[in-house]
>>> print(open('coords16.txt').read())   # compact mmCIF, C-alpha atoms and all ligand atoms
# COMPACT_ATOMS: atom_id res chain seq x y z
CA MET A 1 51.19 105.51 125.24
CA THR A 2 52.09 103.12 122.40
CA THR A 3 50.86 105.61 119.83
CA ALA A 4 52.82 108.44 121.40
CA PHE A 5 55.91 106.24 121.55
CA HIS A 6 55.66 105.27 117.87
CA GLU A 7 54.96 108.88 116.85
CA HIS A 8 58.10 109.88 118.74
CA LEU A 9 60.16 107.20 116.93
CA LYS A 10 58.78 108.29 113.55
CA GLN A 11 59.79 111.87 114.30
CA VAL A 12 63.31 110.77 115.22
CA LEU A 13 63.53 108.85 111.93
CA THR A 14 62.27 111.88 110.00
CA ASP A 15 64.88 114.07 111.69
CA ILE A 16 67.62 111.58 110.75
CA SER A 17 66.40 111.57 107.18
CA ASP A 18 66.03 115.37 106.97
CA ALA A 19 69.61 115.72 108.13
CA GLY A 20 70.77 113.46 105.25
CA LEU A 21 71.92 110.85 107.79
CA TYR A 22 69.55 107.99 106.95
CA LYS A 23 71.35 104.76 106.10
CA THR A 24 69.86 102.33 103.61
CA GLU A 25 70.98 98.80 102.81
CA ARG A 26 71.35 97.18 99.41
CA ALA A 27 70.98 93.42 99.14
CA ILE A 28 73.80 91.59 97.38
CA SER A 29 72.57 88.47 95.59
CA GLY A 30 75.79 86.46 95.55
CA PRO A 31 79.09 86.00 97.38
CA GLN A 32 81.14 88.78 98.94
CA ARG A 33 84.09 89.35 96.56
CA GLY A 34 85.87 91.92 94.36
CA TYR A 35 82.75 92.17 92.19
CA VAL A 36 79.36 91.77 93.87
CA THR A 37 75.98 91.27 92.23
CA VAL A 38 73.05 93.56 92.96
CA GLY A 39 69.96 92.66 90.94
CA ASP A 40 71.46 91.41 87.68
CA THR A 41 74.43 93.73 87.65
CA ALA A 42 78.02 93.24 88.85
CA PHE A 43 79.56 96.11 90.82
CA LEU A 44 83.20 96.70 91.63
CA ASN A 45 83.25 96.44 95.42
CA LEU A 46 85.55 98.91 97.17
CA CYS A 47 84.14 98.91 100.69
CA ALA A 48 84.38 95.41 102.22
CA ASN A 49 86.69 94.42 105.07
CA ASN A 50 87.68 91.47 102.88
CA TYR A 51 91.35 92.52 102.93
CA LEU A 52 92.86 89.22 101.79
CA GLY A 53 89.96 88.28 99.53
CA LEU A 54 89.23 85.16 101.61
CA ALA A 55 85.47 85.69 102.00
CA ASP A 56 84.72 83.39 99.04
CA ASP A 57 87.96 81.41 99.07
CA GLU A 58 87.36 77.81 98.02
CA ARG A 59 89.64 76.43 100.74
CA LEU A 60 87.55 78.08 103.45
CA GLU A 61 84.30 76.98 101.82
CA HIS A 62 85.63 73.43 101.63
CA ALA A 63 86.67 73.47 105.32
CA ALA A 64 83.23 74.80 106.27
CA LYS A 65 81.41 72.10 104.26
CA ASN A 66 83.55 69.35 105.80
CA ALA A 67 82.86 70.74 109.27
CA ILE A 68 79.11 70.44 108.70
CA ASP A 69 79.60 66.78 107.78
CA ASP A 70 81.89 66.03 110.72
CA PHE A 71 80.64 68.37 113.47
CA GLY A 72 77.09 69.33 112.47
CA TYR A 73 75.57 72.77 112.07
CA GLY A 74 74.78 74.42 115.40
CA MET A 75 76.00 74.20 118.98
CA ALA A 76 72.81 75.02 120.90
CA SER A 77 74.87 75.66 124.01
CA VAL A 78 77.23 78.13 125.59
CA ARG A 79 80.82 76.95 125.79
CA PHE A 80 80.90 75.82 129.41
CA ILE A 81 77.75 73.69 129.32
CA CYS A 82 78.09 71.47 126.24
CA GLY A 83 79.22 73.93 123.57
CA THR A 84 82.96 73.27 123.32
CA GLN A 85 84.09 71.08 120.45
CA THR A 86 87.67 70.12 119.67
CA LEU A 87 87.45 72.70 116.85
CA HIS A 88 86.96 75.56 119.32
CA ARG A 89 90.06 74.65 121.25
CA GLU A 90 92.04 74.08 118.05
CA LEU A 91 91.14 77.55 116.77
CA GLU A 92 91.89 79.16 120.14
CA ASN A 93 95.30 77.46 120.25
CA ASP A 94 96.07 78.41 116.64
CA LEU A 95 95.12 82.05 117.24
CA ALA A 96 97.26 82.22 120.38
CA GLN A 97 100.25 80.70 118.63
CA PHE A 98 99.84 82.96 115.59
CA LEU A 99 99.59 86.06 117.77
CA GLY A 100 102.40 85.05 120.13
CA MET A 101 100.18 84.85 123.22
CA ASP A 102 99.67 82.14 125.88
CA ASP A 103 96.05 81.46 124.97
CA SER A 104 92.95 82.95 123.38
CA ILE A 105 89.19 82.86 123.99
CA LEU A 106 86.49 83.00 121.31
CA PHE A 107 83.40 85.22 121.33
CA ALA A 108 80.43 85.53 118.96
CA ALA A 109 81.96 88.76 117.63
CA CYS A 110 84.74 91.17 118.49
CA PHE A 111 82.01 93.53 119.62
CA ASP A 112 81.34 90.98 122.37
CA ALA A 113 85.04 90.41 123.03
CA ASN A 114 85.58 94.13 123.65
CA GLY A 115 82.28 94.35 125.53
CA GLY A 116 83.24 91.53 127.89
CA LEU A 117 86.94 92.24 128.33
CA PHE A 118 87.26 95.00 130.89
CA GLU A 119 84.67 94.30 133.59
CA PRO A 120 86.14 90.98 134.82
CA LEU A 121 89.74 92.20 134.80
CA LEU A 122 89.52 95.65 136.41
CA GLY A 123 87.61 97.11 139.36
CA PRO A 124 86.91 100.51 140.95
CA GLU A 125 90.50 100.71 142.23
CA ASP A 126 91.83 100.58 138.67
CA ALA A 127 92.00 102.91 135.65
CA ILE A 128 91.42 102.55 131.92
CA ILE A 129 92.90 105.16 129.61
CA SER A 130 91.20 105.07 126.22
CA ASP A 131 91.94 106.72 122.87
CA ALA A 132 89.19 109.17 121.88
CA LEU A 133 88.69 107.46 118.51
CA ASN A 134 88.39 103.91 119.82
CA HIS A 135 85.76 101.64 118.32
CA ALA A 136 82.25 101.77 119.80
CA SER A 137 82.67 98.28 121.28
CA ILE A 138 85.68 99.37 123.36
CA ILE A 139 83.76 102.41 124.56
CA ASP A 140 80.80 100.22 125.53
CA GLY A 141 83.06 97.64 127.22
CA ILE A 142 84.69 100.36 129.30
CA ARG A 143 81.26 101.73 130.26
CA LEU A 144 80.37 98.30 131.65
CA CYS A 145 83.46 98.25 133.87
CA LYS A 146 83.78 99.99 137.23
CA ALA A 147 87.35 101.15 136.68
CA LYS A 148 87.97 104.90 136.61
CA ARG A 149 87.91 106.22 133.02
CA TYR A 150 90.32 108.60 131.33
CA ARG A 151 90.32 109.58 127.67
CA TYR A 152 93.23 110.90 125.62
CA ALA A 153 93.07 112.77 122.32
CA ASN A 154 93.51 110.47 119.32
CA ALA A 155 97.08 109.15 119.14
CA ASN A 156 98.28 112.13 121.19
CA MET A 157 101.19 110.92 123.32
CA GLU A 158 101.48 114.12 125.36
CA ASP A 159 97.86 113.73 126.38
CA LEU A 160 98.35 110.03 127.11
CA ARG A 161 101.29 110.89 129.37
CA LEU A 162 99.13 113.45 131.15
CA LYS A 163 96.32 110.93 131.70
CA LEU A 164 98.76 108.26 132.91
CA SER A 165 100.16 110.75 135.43
CA GLN A 166 96.63 111.63 136.53
CA ALA A 167 95.68 107.98 136.95
CA ARG A 168 98.79 107.34 139.03
CA ALA A 169 98.21 110.52 141.09
CA ASP A 170 94.63 109.34 141.68
CA GLY A 171 96.09 106.16 143.20
CA ALA A 172 95.07 103.62 140.58
CA ARG A 173 96.06 100.04 141.44
CA PHE A 174 96.25 98.72 137.86
CA VAL A 175 96.22 100.90 134.74
CA MET A 176 95.26 99.69 131.26
CA ILE A 177 95.69 101.71 128.06
CA ALA A 178 93.12 100.73 125.43
CA THR A 179 93.53 101.53 121.75
CA ASP A 180 92.57 100.39 118.28
CA GLY A 181 95.63 99.19 116.37
CA VAL A 182 94.14 100.82 113.27
CA PHE A 183 91.49 103.54 113.55
CA SER A 184 88.90 102.16 111.22
CA MET A 185 87.29 105.39 110.02
CA ASP A 186 90.63 107.02 109.20
CA GLY A 187 92.92 104.10 108.32
CA THR A 188 95.62 105.53 110.58
CA LEU A 189 97.76 103.44 112.94
CA ALA A 190 98.06 103.90 116.70
CA PRO A 191 101.62 104.90 117.70
CA LEU A 192 102.13 101.58 119.47
CA ALA A 193 105.88 101.84 120.07
CA GLU A 194 105.36 105.12 121.95
CA ILE A 195 102.33 103.73 123.76
CA ARG A 196 104.34 100.69 124.90
CA ALA A 197 107.19 102.91 126.11
CA LEU A 198 104.79 105.12 128.11
CA ALA A 199 103.01 102.07 129.49
CA ASP A 200 106.33 100.67 130.71
CA GLU A 201 107.28 104.00 132.26
CA PHE A 202 103.99 104.14 134.19
CA ASP A 203 103.72 100.38 134.81
CA ALA A 204 100.54 100.10 132.75
CA LEU A 205 99.06 97.34 130.58
CA VAL A 206 98.38 97.78 126.86
CA MET A 207 95.22 96.47 125.19
CA VAL A 208 94.96 96.66 121.37
CA ASP A 209 91.95 95.97 119.15
CA ASP A 210 93.53 94.73 115.94
CA CYS A 211 90.38 94.03 113.90
CA HIS A 212 91.72 95.97 110.91
CA ALA A 213 95.22 94.50 111.01
CA THR A 214 95.30 90.81 111.96
CA GLY A 215 96.20 88.74 108.92
CA PHE A 216 97.94 91.44 106.94
CA MET A 217 99.85 94.02 109.02
CA GLY A 218 103.32 92.94 110.17
CA ALA A 219 105.81 90.63 108.46
CA THR A 220 103.78 87.47 109.18
CA GLY A 221 100.37 89.15 109.39
CA ALA A 222 100.28 89.07 113.20
CA GLY A 223 99.07 92.68 113.29
CA THR A 224 100.10 96.14 114.40
CA PRO A 225 102.29 95.06 117.37
CA GLU A 226 104.37 92.95 114.97
CA HIS A 227 104.35 95.82 112.44
CA VAL A 228 106.16 98.08 114.92
CA GLY A 229 108.07 95.33 116.76
CA ILE A 230 106.51 95.48 120.23
CA LYS A 231 104.49 93.18 122.51
CA VAL A 232 101.15 94.10 123.99
CA ASP A 233 99.34 92.56 126.94
CA VAL A 234 95.89 91.98 125.48
CA LEU A 235 94.97 91.71 121.81
CA THR A 236 91.40 91.52 120.53
CA GLY A 237 90.33 90.77 116.98
CA THR A 238 87.76 89.40 114.59
CA LEU A 239 87.18 86.54 112.19
CA GLY A 240 84.81 88.90 110.38
CA LYS A 241 87.34 90.79 108.27
CA ALA A 242 90.66 89.52 106.83
CA LEU A 243 90.33 86.02 108.36
CA GLY A 244 87.48 84.92 106.11
CA GLY A 245 84.90 87.59 106.90
CA ALA A 246 82.24 85.36 108.50
CA ILE A 247 81.73 86.15 112.18
CA GLY A 248 83.47 85.63 115.51
CA GLY A 249 85.83 87.51 117.78
CA TYR A 250 88.60 86.64 120.19
CA ILE A 251 90.81 87.91 122.97
CA ALA A 252 94.42 86.71 123.05
CA ALA A 253 96.44 87.30 126.21
CA SER A 254 98.41 85.69 129.05
CA GLN A 255 97.03 82.50 130.62
CA PRO A 256 95.60 84.10 133.80
CA VAL A 257 93.79 86.76 131.74
CA VAL A 258 92.20 84.18 129.43
CA ASP A 259 91.41 81.83 132.31
CA LEU A 260 89.62 84.55 134.25
CA LEU A 261 87.69 85.67 131.16
CA ARG A 262 86.46 82.09 130.69
CA GLN A 263 85.09 82.25 134.25
CA ARG A 264 83.68 85.77 134.20
CA ALA A 265 83.28 87.41 130.75
CA ARG A 266 79.55 87.83 130.39
CA PRO A 267 79.23 87.61 126.57
CA TYR A 268 81.20 84.33 126.81
CA LEU A 269 79.20 82.85 129.68
CA PHE A 270 75.76 83.90 128.52
CA SER A 271 75.87 83.51 124.73
CA ASN A 272 75.96 80.62 122.27
CA ALA A 273 79.22 79.03 121.09
CA LEU A 274 80.47 79.73 117.57
CA PRO A 275 79.21 77.19 115.02
CA PRO A 276 81.71 74.56 113.82
CA VAL A 277 81.65 75.85 110.21
CA VAL A 278 83.04 79.15 111.44
CA CYS A 279 85.73 77.52 113.59
CA ALA A 280 86.90 75.18 110.83
CA ALA A 281 87.06 77.97 108.25
CA GLY A 282 88.86 80.17 110.81
CA ILE A 283 91.51 77.47 111.27
CA GLU A 284 91.92 77.25 107.49
CA ALA A 285 92.11 81.07 107.20
CA LEU A 286 95.02 81.06 109.65
CA ASN A 287 96.76 78.35 107.58
CA ILE A 288 96.41 80.54 104.49
CA VAL A 289 97.60 83.65 106.35
CA ARG A 290 100.71 81.80 107.60
CA GLU A 291 101.66 81.24 103.95
CA GLY A 292 100.17 84.55 102.86
CA HIS A 293 103.16 86.72 101.97
CA ASP A 294 102.03 87.06 98.33
CA LEU A 295 98.49 88.00 99.37
CA ARG A 296 99.80 90.65 101.76
CA ALA A 297 102.18 92.01 99.12
CA ARG A 298 99.33 92.29 96.59
CA LEU A 299 97.08 94.01 99.13
CA PHE A 300 99.66 96.70 99.87
CA GLU A 301 100.57 97.13 96.18
CA ASN A 302 96.88 97.74 95.51
CA ALA A 303 96.66 100.19 98.42
CA THR A 304 99.67 102.19 97.16
CA PHE A 305 98.37 102.25 93.58
CA TRP A 306 94.85 103.25 94.65
CA ARG A 307 96.01 105.98 97.00
CA ALA A 308 98.36 107.47 94.37
CA GLY A 309 95.60 107.38 91.73
CA LEU A 310 93.06 109.19 93.91
CA LYS A 311 95.64 111.79 94.89
CA ARG A 312 96.55 112.40 91.26
CA LEU A 313 92.86 113.02 90.50
CA GLY A 314 92.79 115.70 93.20
CA PHE A 315 90.75 114.01 95.94
CA GLU A 316 91.42 114.93 99.55
CA LEU A 317 92.65 111.82 101.38
CA LEU A 318 93.70 111.13 104.94
CA PRO A 319 97.41 110.28 104.84
CA GLY A 320 98.46 106.73 105.67
CA GLU A 321 99.75 103.37 104.53
CA HIS A 322 96.78 101.14 105.39
CA PRO A 323 94.37 99.56 102.85
CA ILE A 324 91.62 101.78 104.31
CA VAL A 325 91.74 104.89 102.10
CA PRO A 326 89.12 107.46 103.14
CA VAL A 327 88.12 110.04 100.50
CA MET A 328 87.11 113.11 102.47
CA ILE A 329 83.92 114.86 101.31
CA GLY A 330 82.70 116.97 104.28
CA GLU A 331 78.91 117.11 104.25
CA ALA A 332 76.84 113.94 104.66
CA ARG A 333 74.51 114.78 101.79
CA GLN A 334 77.34 115.21 99.31
CA ALA A 335 78.93 111.95 100.48
CA GLN A 336 75.60 110.20 99.86
CA GLU A 337 75.33 111.81 96.41
CA MET A 338 78.84 110.73 95.54
CA ALA A 339 78.17 107.14 96.66
CA THR A 340 74.93 107.07 94.65
CA ARG A 341 76.66 108.41 91.53
CA LEU A 342 79.45 105.84 91.91
CA PHE A 343 76.84 103.11 92.15
CA GLU A 344 75.30 104.33 88.88
CA LEU A 345 78.80 104.04 87.41
CA GLY A 346 79.17 100.44 88.59
CA VAL A 347 81.18 100.97 91.78
CA TYR A 348 79.89 99.86 95.19
CA VAL A 349 80.98 102.15 98.04
CA ALA A 350 79.23 103.64 101.06
CA GLY A 351 79.13 107.17 102.41
CA PHE A 352 80.23 107.39 106.07
CA PHE A 353 78.76 110.21 108.10
CA TYR A 354 77.52 111.09 111.58
CA PRO A 355 77.27 109.24 113.96
CA VAL A 356 80.07 106.96 112.71
CA VAL A 357 82.32 109.98 112.02
CA PRO A 358 82.05 113.55 113.40
CA HIS A 359 79.66 116.06 111.79
CA GLY A 360 81.25 117.78 108.76
CA MET A 361 83.78 114.95 108.27
CA ALA A 362 81.70 112.76 105.97
CA ARG A 363 83.67 110.55 103.64
CA ILE A 364 83.66 107.65 101.24
CA ARG A 365 85.74 105.00 102.97
CA THR A 366 87.38 102.89 100.30
CA GLN A 367 89.13 99.64 101.19
CA MET A 368 91.53 97.63 99.14
CA ASN A 369 91.62 93.88 98.88
CA ALA A 370 94.16 91.44 97.52
CA SER A 371 91.85 89.99 94.89
CA LEU A 372 91.48 93.27 92.94
CA THR A 373 93.56 93.68 89.77
CA LYS A 374 95.19 96.84 88.42
CA GLY A 375 92.47 96.84 85.71
CA ASP A 376 89.77 96.85 88.42
CA LEU A 377 91.44 99.75 90.17
CA GLU A 378 91.83 101.75 86.95
CA ARG A 379 88.11 101.26 86.35
CA GLY A 380 87.43 102.42 89.89
CA LEU A 381 89.59 105.52 89.43
CA ALA A 382 87.78 106.46 86.21
CA ALA A 383 84.45 106.16 88.02
CA PHE A 384 85.71 108.25 90.96
CA GLU A 385 86.88 110.98 88.57
CA GLN A 386 83.50 111.05 86.80
CA ALA A 387 81.47 110.96 90.04
CA GLY A 388 83.72 113.60 91.62
CA ARG A 389 83.06 115.99 88.73
CA ASP A 390 79.33 115.21 88.56
CA THR A 391 78.77 115.89 92.27
CA GLY A 392 81.09 118.89 92.61
CA VAL A 393 83.57 117.10 94.88
CA LEU A 394 86.34 117.66 92.33
C1 LIG B 1 88.00 98.34 115.35
C2 LIG B 1 86.86 97.38 115.44
N1 LIG B 1 86.65 96.71 116.59
C3 LIG B 1 85.65 95.84 116.72
C4 LIG B 1 84.78 95.59 115.68
C5 LIG B 1 83.69 94.61 115.87
O1 LIG B 1 84.04 93.41 115.24
P1 LIG B 1 82.94 92.30 114.96
O2 LIG B 1 82.36 92.59 113.62
O3 LIG B 1 83.69 91.00 115.03
O4 LIG B 1 81.93 92.41 116.06
C6 LIG B 1 84.95 96.25 114.47
C7 LIG B 1 84.02 96.01 113.34
O5 LIG B 1 83.38 96.88 112.84
C8 LIG B 1 86.02 97.17 114.34
O6 LIG B 1 86.20 97.86 113.21
>>> encode(input="coords16.txt", output="structure tokens")
Amino acid sequence: MTTAFHEHLKQVLTDISDAGLYKTERAISGPQRGYVTVGDTAFLNLCANNYLGLADDERLEHAAKNAIDDFGYGMASVRFICGTQTLHRELENDLAQFLGMDDSILFAACFDANGGLFEPLLGPEDAIISDALNHASIIDGIRLCKAKRYRYANANMEDLRLKLSQARADGARFVMIATDGVFSMDGTLAPLAEIRALADEFDALVMVDDCHATGFMGATGAGTPEHVGIKVDVLTGTLGKALGGAIGGYIAASQPVVDLLRQRARPYLFSNALPPVVCAAGIEALNIVREGHDLRARLFENATFWRAGLKRLGFELLPGEHPIVPVMIGEARQAQEMATRLFELGVYVAGFFYPVVPHGMARIRTQMNASLTKGDLERGLAAFEQAGRDTGVL
């Protein structure tokens, strides 16, 4: 039985590899930043979620070191037993205030936040209407909930209206629309103003996962709702991207929502509390973001410059304004070849292909960050031009 099982797994792995879909990992031997070290060589890094360049920011490192001295290293407890320090509550309050919500609740990751969100709040009498391109964690969270499920085509407001009508015709008690604020594979924004208007028309709630927006979208960095000037009912996000890039997720919402999640959300009740280093650095990240107009301006200047440069070279891009700039390739194998060639040329990027994007839509997902200079980006563009010609993409 064991032998047969392992033979089966080996065959699955061979099939993945034969299809050009096998993912490998390179080990970086230093901090996450604009240039990363692999072996003895520095590579221009164009694929981290380090939007504001805070992953190796001295102020965060300092806060983390102080937290070890003052609060120790680990928590060895879930929050409700003996795992809540003053730091946890301080970070939850800061996040809520920053995001304009009553309160927030921390999780080990946003994957857990999205996984634990729906099941305590909604039951079989209710409905969740989810964008087809939502992050895997939202999809999994919805699967764990007994509410009736509806799916609408990505950002398609006619389809959303149809699904809202269906949910109401089916007699749903409460209806929640769930969407990413930014679709992370494409770098496109959800049409939140239209979603809010439809939600109000059908008396529905709006949940937004703002992992790729908190800290830099919107005038103060409060994310996609601020960017378009609306309020949402539930906002989820991560400390693992713009806010320092370590780990940790949260849900920000009204007081009854957060209070019930503290009682019932399974990844909160049955998993260890965030370590104090992460909380202290998260608090410091929010301080920096509050004063972060220059960082945000630099990030978007870089995104505009990078996008224009790639377009000028003749690459096919998905249109948008976000610092995620996907370079469309098509076939997985060619995307892998392009990423390998770029690595040889000193640029660190990754090919994205099935199952993270649909078959035939493989791409190199580039991401800008505020710590990159124009010189860095010009170097990156030269490497993209060379690699594009060498692999037949251009
Ligand atoms: C849209 C979206 N939601 C949720 C997550 C999960 O966040 P975390 O890394 O905090 O688990 C990610 C990260 O990949 C994401 O891109």
>>> atom_distance(input="coords16.txt", atom1="CA of Lys148 in chain A", atom2="CA of Pro267 in chain A")
21.8 Å
>>> residues_near_ligand(input="coords16.txt", ligand="ligand LIG 1 (chain B)", cutoff="9 Å", atoms="only C-alpha atoms and all ligand atoms", output="VMD selection string")
chain A and resid 49 107 to 114 134 to 138 180 to 185 209 to 212 236 to 241 245 to 250
>>> atom_distance(input="coords16.txt", atom1="CA of Leu235 in chain A", atom2="CA of Pro319 in chain A")
25.3 Å
>>> closest_residue(input="coords16.txt", among="A:Leu345, A:Pro358, A:Asp203, A:Val277", to="Asp69 in chain A", atoms="all atoms listed in the file")
A:Val277
>>> atom_distance(input="coords16.txt", atom1="CA of Ala387 in chain A", atom2="CA of Asp56 in chain A")
29.2 Å
>>> closest_residue(input="coords16.txt", among="A:Gly141, A:Gly314, A:Gly171, A:Gly388", to="Glu125 in chain A", atoms="all atoms listed in the file")
A:Gly171
>>> closest_residue(input="coords16.txt", among="A:Ser29, A:Thr220, A:Ser271, A:Thr2", to="Leu106 in chain A", atoms="all atoms listed in the file")
A:Ser271
>>> closest_residue(input="coords16.txt", among="A:Ile129, A:Cys82, A:Met157, A:Leu198", to="Met176 in chain A", atoms="only C-alpha atoms")
A:Ile129
>>> closest_residue(input="coords16.txt", among="A:Asn302, A:Gln334, A:Ser254, A:Asn93", to="Glu378 in chain A", atoms="all atoms listed in the file")
A:Asn302
>>> closest_residue(input="coords16.txt", among="A:Phe216, A:Tyr354, A:Tyr268, A:Phe384", to="Asn50 in chain A", atoms="only C-alpha atoms")
A:Phe216
>>> residues_around(input="coords16.txt", residues="Pro276 in chain A", least_positions_apart="4", cutoff="7 Å", atoms="all atoms listed in the file", output="list of chain:residue names")
A:Ala67, A:Phe71, A:Tyr73, A:Leu87, A:Ala280
>>> residues_around(input="coords16.txt", residues="range 13-25 of chain A", least_positions_apart="2", cutoff="7 Å", atoms="all atoms listed in the file", output="PyMOL selection string")
chain A and resi 9-11+27+332-333+353-354
>>> write_last_selection(input="coords16.txt", atoms="C-alpha atoms", output="short mmCIF file (atom, residue, chain, number, x, y, z; two decimals), keeping the file's coordinate frame")
data_model
loop_
_atom_site.label_atom_id
_atom_site.label_comp_id
_atom_site.auth_asym_id
_atom_site.auth_seq_id
_atom_site.Cartn_x
_atom_site.Cartn_y
_atom_site.Cartn_z
CA LEU A 9 60.16 107.20 116.93
CA LYS A 10 58.78 108.29 113.55
CA GLN A 11 59.79 111.87 114.30
CA ALA A 27 70.98 93.42 99.14
CA ALA A 332 76.84 113.94 104.66
CA ARG A 333 74.51 114.78 101.79
CA PHE A 353 78.76 110.21 108.10
CA TYR A 354 77.52 111.09 111.58
#
>>> residues_near_point(input="coords16.txt", point="(82.5, 96.2, 134.9)", cutoff="7 Å", atoms="only C-alpha atoms", output="mmCIF file with C-alpha atoms, keeping the file's coordinate frame")
data_model
loop_
_atom_site.group_PDB
_atom_site.id
_atom_site.type_symbol
_atom_site.label_atom_id
_atom_site.label_comp_id
_atom_site.auth_asym_id
_atom_site.auth_seq_id
_atom_site.Cartn_x
_atom_site.Cartn_y
_atom_site.Cartn_z
ATOM 1 C CA PHE A 118 87.260 95.000 130.890
ATOM 2 C CA GLU A 119 84.670 94.300 133.590
ATOM 3 C CA PRO A 120 86.140 90.980 134.820
ATOM 4 C CA GLY A 123 87.610 97.110 139.360
ATOM 5 C CA LEU A 144 80.370 98.300 131.650
ATOM 6 C CA CYS A 145 83.460 98.250 133.870
ATOM 7 C CA LYS A 146 83.780 99.990 137.230
#
>>> residues_around(input="coords16.txt", residues="Val228 in chain A", least_positions_apart="6", cutoff="8 Å", atoms="all atoms listed in the file", output="PyMOL selection string")
chain A and resi 192-193+218
>>> residues_near_point(input="coords16.txt", point="(106.6, 87.3, 104.2)", cutoff="9 Å", atoms="all atoms listed in the file", output="mmCIF file with C-alpha atoms, in the frame of the given file")
data_model
loop_
_atom_site.group_PDB
_atom_site.id
_atom_site.type_symbol
_atom_site.label_atom_id
_atom_site.label_comp_id
_atom_site.auth_asym_id
_atom_site.auth_seq_id
_atom_site.Cartn_x
_atom_site.Cartn_y
_atom_site.Cartn_z
ATOM 1 C CA GLY A 218 103.320 92.940 110.170
ATOM 2 C CA ALA A 219 105.810 90.630 108.460
ATOM 3 C CA THR A 220 103.780 87.470 109.180
ATOM 4 C CA GLY A 221 100.370 89.150 109.390
ATOM 5 C CA ARG A 290 100.710 81.800 107.600
ATOM 6 C CA GLU A 291 101.660 81.240 103.950
ATOM 7 C CA GLY A 292 100.170 84.550 102.860
ATOM 8 C CA HIS A 293 103.160 86.720 101.970
ATOM 9 C CA ASP A 294 102.030 87.060 98.330
ATOM 10 C CA ARG A 296 99.800 90.650 101.760
ATOM 11 C CA ALA A 297 102.180 92.010 99.120
#
>>> residues_around(input="coords16.txt", residues="Phe343 in chain A", least_positions_apart="5", cutoff="8 Å", atoms="only C-alpha atoms", output="count of residues only")
3
>>> decode(input="coords16.txt", residues="range 217-246 of chain A", atoms="C-alpha atoms", output="CSV table (one decimal), in the first residue's frame")
chain,number,residue,atom,x,y,z
A,217,MET,CA,-3.5,52.4,-2.2
A,218,GLY,CA,-5.7,55.4,-1.2
A,219,ALA,CA,-4.6,58.9,-0.1
A,220,THR,CA,-3.5,57.7,3.4
A,221,GLY,CA,-2.7,54.1,2.4
A,222,ALA,CA,-5.9,52.7,3.9
A,223,GLY,CA,-6.5,50.6,0.8
A,224,THR,CA,-8.9,50.1,-2.1
A,225,PRO,CA,-12.0,51.4,-0.3
A,226,GLU,CA,-10.3,54.6,0.4
A,227,HIS,CA,-8.9,54.7,-3.2
A,228,VAL,CA,-12.5,54.8,-4.5
A,229,GLY,CA,-14.1,56.7,-1.6
A,230,ILE,CA,-16.4,54.0,-0.2
A,231,LYS,CA,-16.8,52.0,3.0
A,232,VAL,CA,-17.0,48.3,3.2
A,233,ASP,CA,-18.3,46.0,6.0
A,234,VAL,CA,-15.4,43.6,6.4
A,235,LEU,CA,-11.8,44.2,5.4
A,236,THR,CA,-9.1,41.5,5.6
A,237,GLY,CA,-5.4,42.0,5.1
A,238,THR,CA,-1.8,40.9,5.8
A,239,LEU,CA,1.3,42.0,7.6
A,240,GLY,CA,3.2,39.9,5.1
A,241,LYS,CA,3.4,42.4,2.2
A,242,ALA,CA,3.6,46.2,2.4
A,243,LEU,CA,3.4,46.3,6.2
A,244,GLY,CA,6.8,44.9,6.8
A,245,GLY,CA,6.5,41.6,5.0
A,246,ALA,CA,6.9,39.2,8.0
